[in-house]
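*Asks:* This structure is in C-alpha cells; I'll ask about it shortly.
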Protein chains: 2
Amino acid sequence: MDSKNQDIDGLIALMAKLPGMGPRSARRAVLHLIKKRALLLTPLADAMFAVAATARECLVCGNIGTRDRCDICEDTRRSNGQICVVEDVADLWAMDRSGVFKGRYHVLGGSLSALDGVGPEELRIPALIRRVLDEEITEVILALNATVDGQTTAHYIAEQLEEAGVSVTSLAQGVPIGGELDYLDDGTISAALRARKAV
Amino acid sequence: MDSKNQDIDGLIALMAKLPGMGPRSARRAVLHLIKKRALLLTPLADAMFAVAATARECLVCGNIGTRDRCDICEDTRRSNGQICVVEDVADLWAMDRSGVFKGRYHVLGGSLSALDGVGPEELRIPALIRRVLDEEITEVILALNATVDGQTTAHYIAEQLEEAGVSVTSLAQGVPIGGELDYLDDGTISAALRARKAV
C-alpha cells in the first residue's frame, strides 16, 4: 500500500515529463497544486484542455496559434518584404517579444544535423524557398542559433536562395548587452573583435 | 496583436506559478505540451481534473489521499504505537519512500515561527497531543527539518508531551550517506562529532 494514491501518483509521473522537471520537483509542484486547488489546479486543467482543443501550427510560417494562419501571418501591416527564419517557435516568441522586427517569420522546426539524420526535407526549408518566391520578399533574416548545426543550416539556406534575388542576412554576433568580457567564451570575443565598429 | 494567443498565454501564465517555474521555463513547458498533445497535454489535464476532484487531506494525520482517512491511517498493520511527526506532506512522502518507518504519521502543516506569526494552534499540534492520548502511542518520532524553526517546534512538542508518558525521539543528525566532509557546513560537522560512535 502506498502513502499516496494512484491519481496523485499518475499526475506526478506526468508532471515529471515536463522539460526542466524531475520526480522531486514534480512532487513539489503537485502538492502545491493540491493546496491551491481552486486558484491553480482547476484553472490549469481548464487552460490545458482549451489549448489542447485549439492550438495548431500556422500552415504558412509554423508558429503556434489557434487558426490555420497565425495572427502574424494574418496581419497585413507585417507584409513588409522581410522574413525572419528561426529554428523553433520559442525563438519566434523571443524575437517577437523584443518588438524590433516588424516582418513575418518562418519556423524551420529544428536545424540540419547529419548526426541526427535531419535533412532539408525534415525541416520547413522547401516551404521557405516557396514563400520567398511566391510572396514579395526582399530580405531573409536568418536568426538561427549560433551553434554548429544552426550555422550549417544558415549556410545551406543562403546557398539555396542565391538565385532568388533576395538579400540574405543573419543576426550580428558579438558581446551581449550587459555582458562581461571575462565571462564570455573565446569564440564570442573573437567574433566581436572581427566585427568591431568605429565609435 | 500578439504572436501567441490568449489561451496559450493564459496557460503559460498559470504554469509560471508552479514552484520552480518561471516565465521562460513555462513557455518551454507549454511548447513541449503542445508538441506532445495526445501523449502529454490531454492526459495531464485529465489527471489534474481527477486529482482536483478526489484529493483531500486525511482527517487523522494530514496526509493527502482520496478518502477522509488516508491509506496509511487505514492500514491496521501500521498501528504499532509509533507516530512520526513531519512538517509537510512532502516530508511524509520522503520518509515513506525510505520504507524504514512502519508506523503512522502526523503532518503539522509547517513549523512554529514567531516571525511569521505561526503558533501551535495554526499547526496540527493540538491534534497530535490528542492522538497521543487517544491512540495507544508509545513513541513519538520528531522528523522535523534541522532548521531553527523546526527545532523550536520539536522542543515545544517534546515539552507538551512530557507528561503523556511516551518516549519522544528525533532523527539523528550527522554526516549524510555519501556526504563529503569538505562540503558540509560547520554545524553538521560539529553535530556529527558530538554524536560520534564507537566503530
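In the C-alpha cells, chains take the letters A, B, ... in the order shown, each chain's residues start at 1, and ligands count up from 1 in the order shown.
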Up to 9 Å from chain A, what residues of chain B turn up? Count only C-alpha atoms and give them as a ChimeraX atom specification.

*Replies:* /B:1-5,7-8,10-11,14-15,17-21,25,27-34,37-38,40-52,54-56,63-66,70-72,75,89-90,92-93,96-97

*Asks:* Using the selection just defined, write its residues with C-alpha atoms as a PDB file, in the first residue's frame.

*Replies:*
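In the end it all went to out_39.pdb:
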ATOM      1  CA  MET B   1      -1.760  41.793 -31.829  1.00  0.00           C
ATOM      2  CA  ASP B   2       0.312  39.191 -30.112  1.00  0.00           C
ATOM      3  CA  SER B   3       2.431  36.449 -31.623  1.00  0.00           C
ATOM      4  CA  LYS B   4       0.649  33.909 -29.466  1.00  0.00           C
ATOM      5  CA  ASN B   5      -2.895  33.646 -28.369  1.00  0.00           C
ATOM      6  CA  ASP B   7      -5.433  30.510 -24.431  1.00  0.00           C
ATOM      7  CA  ILE B   8      -1.746  29.788 -24.798  1.00  0.00           C
ATOM      8  CA  GLY B  10      -3.112  32.010 -20.119  1.00  0.00           C
ATOM      9  CA  LEU B  11      -1.666  28.523 -19.862  1.00  0.00           C
ATOM     10  CA  LEU B  14      -0.573  29.583 -14.907  1.00  0.00           C
ATOM     11  CA  MET B  15       2.363  27.235 -15.477  1.00  0.00           C
ATOM     12  CA  LYS B  17       3.073  29.953 -10.976  1.00  0.00           C
ATOM     13  CA  LEU B  18       4.285  26.430 -10.260  1.00  0.00           C
ATOM     14  CA  PRO B  19       7.169  26.197  -7.803  1.00  0.00           C
ATOM     15  CA  GLY B  20      10.482  26.123  -9.635  1.00  0.00           C
ATOM     16  CA  MET B  21       8.986  27.507 -12.841  1.00  0.00           C
ATOM     17  CA  SER B  25      10.551  27.533 -18.370  1.00  0.00           C
ATOM     18  CA  ARG B  27       6.954  28.800 -22.186  1.00  0.00           C
ATOM     19  CA  ARG B  28       9.259  25.854 -22.867  1.00  0.00           C
ATOM     20  CA  ALA B  29       6.935  23.519 -20.992  1.00  0.00           C
ATOM     21  CA  VAL B  30       3.857  24.755 -22.870  1.00  0.00           C
ATOM     22  CA  LEU B  31       5.530  24.366 -26.272  1.00  0.00           C
ATOM     23  CA  HIS B  32       6.546  20.854 -25.248  1.00  0.00           C
ATOM     24  CA  LEU B  33       2.963  20.134 -24.161  1.00  0.00           C
ATOM     25  CA  ILE B  34       1.555  21.373 -27.468  1.00  0.00           C
ATOM     26  CA  ARG B  37      -0.672  16.944 -27.257  1.00  0.00           C
ATOM     27  CA  ALA B  38      -2.052  13.413 -27.266  1.00  0.00           C
ATOM     28  CA  LEU B  40       1.089  14.527 -22.526  1.00  0.00           C
ATOM     29  CA  LEU B  41      -1.183  17.575 -22.686  1.00  0.00           C
ATOM     30  CA  THR B  42      -4.568  15.846 -22.642  1.00  0.00           C
ATOM     31  CA  PRO B  43      -3.539  13.135 -20.131  1.00  0.00           C
ATOM     32  CA  LEU B  44      -2.103  15.838 -17.873  1.00  0.00           C
ATOM     33  CA  ALA B  45      -5.316  17.869 -17.989  1.00  0.00           C
ATOM     34  CA  ASP B  46      -7.317  14.696 -17.243  1.00  0.00           C
ATOM     35  CA  ALA B  47      -5.024  13.796 -14.345  1.00  0.00           C
ATOM     36  CA  MET B  48      -5.373  17.287 -12.924  1.00  0.00           C
ATOM     37  CA  PHE B  49      -9.143  17.102 -13.038  1.00  0.00           C
ATOM     38  CA  ALA B  50      -9.073  13.706 -11.360  1.00  0.00           C
ATOM     39  CA  VAL B  51      -6.849  14.972  -8.571  1.00  0.00           C
ATOM     40  CA  ALA B  52      -8.849  18.190  -8.196  1.00  0.00           C
ATOM     41  CA  THR B  54     -10.645  13.468  -5.382  1.00  0.00           C
ATOM     42  CA  ALA B  55      -7.643  14.727  -3.404  1.00  0.00           C
ATOM     43  CA  ARG B  56      -8.331  15.509   0.217  1.00  0.00           C
ATOM     44  CA  ASN B  63      -1.564  13.264   4.590  1.00  0.00           C
ATOM     45  CA  ILE B  64      -3.078  13.801   1.159  1.00  0.00           C
ATOM     46  CA  GLY B  65      -5.124  10.960  -0.287  1.00  0.00           C
ATOM     47  CA  THR B  66      -8.543  10.389  -1.722  1.00  0.00           C
ATOM     48  CA  CYS B  70      -5.593   8.016   4.169  1.00  0.00           C
ATOM     49  CA  ASP B  71      -4.268   4.567   3.239  1.00  0.00           C
ATOM     50  CA  ILE B  72      -1.660   4.702   5.997  1.00  0.00           C
ATOM     51  CA  ASP B  75      -3.689   0.191   7.382  1.00  0.00           C
ATOM     52  CA  VAL B  89       3.185  16.127   3.248  1.00  0.00           C
ATOM     53  CA  ALA B  90       6.317  16.139   1.070  1.00  0.00           C
ATOM     54  CA  LEU B  92       5.853  12.297   4.859  1.00  0.00           C
ATOM     55  CA  TRP B  93       6.254  11.020   1.300  1.00  0.00           C
ATOM     56  CA  ASP B  96       7.712   6.732   3.439  1.00  0.00           C
ATOM     57  CA  ARG B  97       9.808   6.250   0.308  1.00  0.00           C
TER      58      ARG B  97
END

*Asks:* Any chance you could list, as an mmCIF file with C-alpha atoms, in the first residue's frame, the residues in region 1-197 of chain A that come up strand (DSSP E or B) when DSSP is run on the backbone?

*Replies:*
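Result written to part-v3.cif:
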data_model
loop_
_atom_site.group_PDB
_atom_site.id
_atom_site.type_symbol
_atom_site.label_atom_id
_atom_site.label_comp_id
_atom_site.auth_asym_id
_atom_site.auth_seq_id
_atom_site.Cartn_x
_atom_site.Cartn_y
_atom_site.Cartn_z
ATOM 1 C CA ARG A 56 -2.454 24.421 -34.098
ATOM 2 C CA GLU A 57 0.525 25.121 -36.294
ATOM 3 C CA ILE A 64 1.614 28.090 -32.952
ATOM 4 C CA GLY A 65 -1.752 29.788 -32.716
ATOM 5 C CA GLN A 82 11.056 40.660 -44.627
ATOM 6 C CA ILE A 83 11.044 37.089 -43.383
ATOM 7 C CA CYS A 84 12.877 36.164 -40.197
ATOM 8 C CA VAL A 85 13.881 32.491 -40.158
ATOM 9 C CA VAL A 86 14.074 30.815 -36.721
ATOM 10 C CA ARG A 104 6.907 37.899 -40.782
ATOM 11 C CA TYR A 105 8.514 34.710 -39.543
ATOM 12 C CA HIS A 106 9.328 31.239 -40.749
ATOM 13 C CA VAL A 107 9.858 28.418 -38.261
ATOM 14 C CA SER A 113 22.044 17.724 -38.480
ATOM 15 C CA VAL A 118 17.858 15.800 -40.165
ATOM 16 C CA GLU A 139 15.156 40.179 -47.303
ATOM 17 C CA VAL A 140 15.545 36.881 -45.466
ATOM 18 C CA ILE A 141 16.977 37.362 -41.979
ATOM 19 C CA LEU A 142 18.494 34.173 -40.589
ATOM 20 C CA SER A 167 19.260 39.696 -49.692
ATOM 21 C CA VAL A 168 20.066 37.113 -47.042
ATOM 22 C CA THR A 169 21.307 38.463 -43.723
ATOM 23 C CA SER A 170 21.960 36.995 -40.310
#

*Asks:* Using only C-alpha atoms, find the one residue out of B:Ala146, B:Leu115, B:Ala198, B:Ile157 that sits nearest to Gly174 (chain B).

*Replies:*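 The shortest atom-to-atom distance to Gly174 (chain B) comes from B:Ala146.
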
*Asks:* Record the distance separating CA of Glu136 (chain A) and CA of Gly81 (chain A), expressed in Å with one decimal.

*Replies:* 5.8 Å

*Asks:* Would you mind reading off the distance between CA of Arg78 (chain A) and CA of Pro126 (chain A), one decimal, in Å?

*Replies:* 22.0 Å

*Asks:* From region 54-185 of chain B, collect each residue whose DSSP state is helix (DSSP H, G or I) and return the set as an NGL selection string.

*Replies:* :B and (54 or 71-74 or 76-78 or 89-98 or 125-134 or 148-160 or 162-164 or 181-183)

*Asks:* Can you pull out every residue within 6 Å of region 149-153 of chain A, counting only C-alpha atoms, but drop anything in the same chain fewer than 4 positions away, and send it as a short mmCIF file (atom, residue, chain, number, x, y, z; two decimals) with C-alpha atoms, in the first residue's frame?

*Replies:*
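To be explicit, this is the file written out as result-v3.cif:
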data_model
loop_
_atom_site.label_atom_id
_atom_site.label_comp_id
_atom_site.auth_asym_id
_atom_site.auth_seq_id
_atom_site.Cartn_x
_atom_site.Cartn_y
_atom_site.Cartn_z
CA SER A 111 18.34 22.67 -37.66
CA LEU A 112 20.12 20.48 -40.19
CA SER A 113 22.04 17.72 -38.48
CA LEU A 144 19.39 30.75 -36.18
CA ASN A 145 21.21 29.59 -33.10
#

*Asks:* Please compute the CA of Leu123 (chain B)-CA of Gly110 (chain B) distance, one decimal, in Å.

*Replies:*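 Calculated distance between CA of Leu123 (chain B) and CA of Gly110 (chain B) is 6.5 Å.
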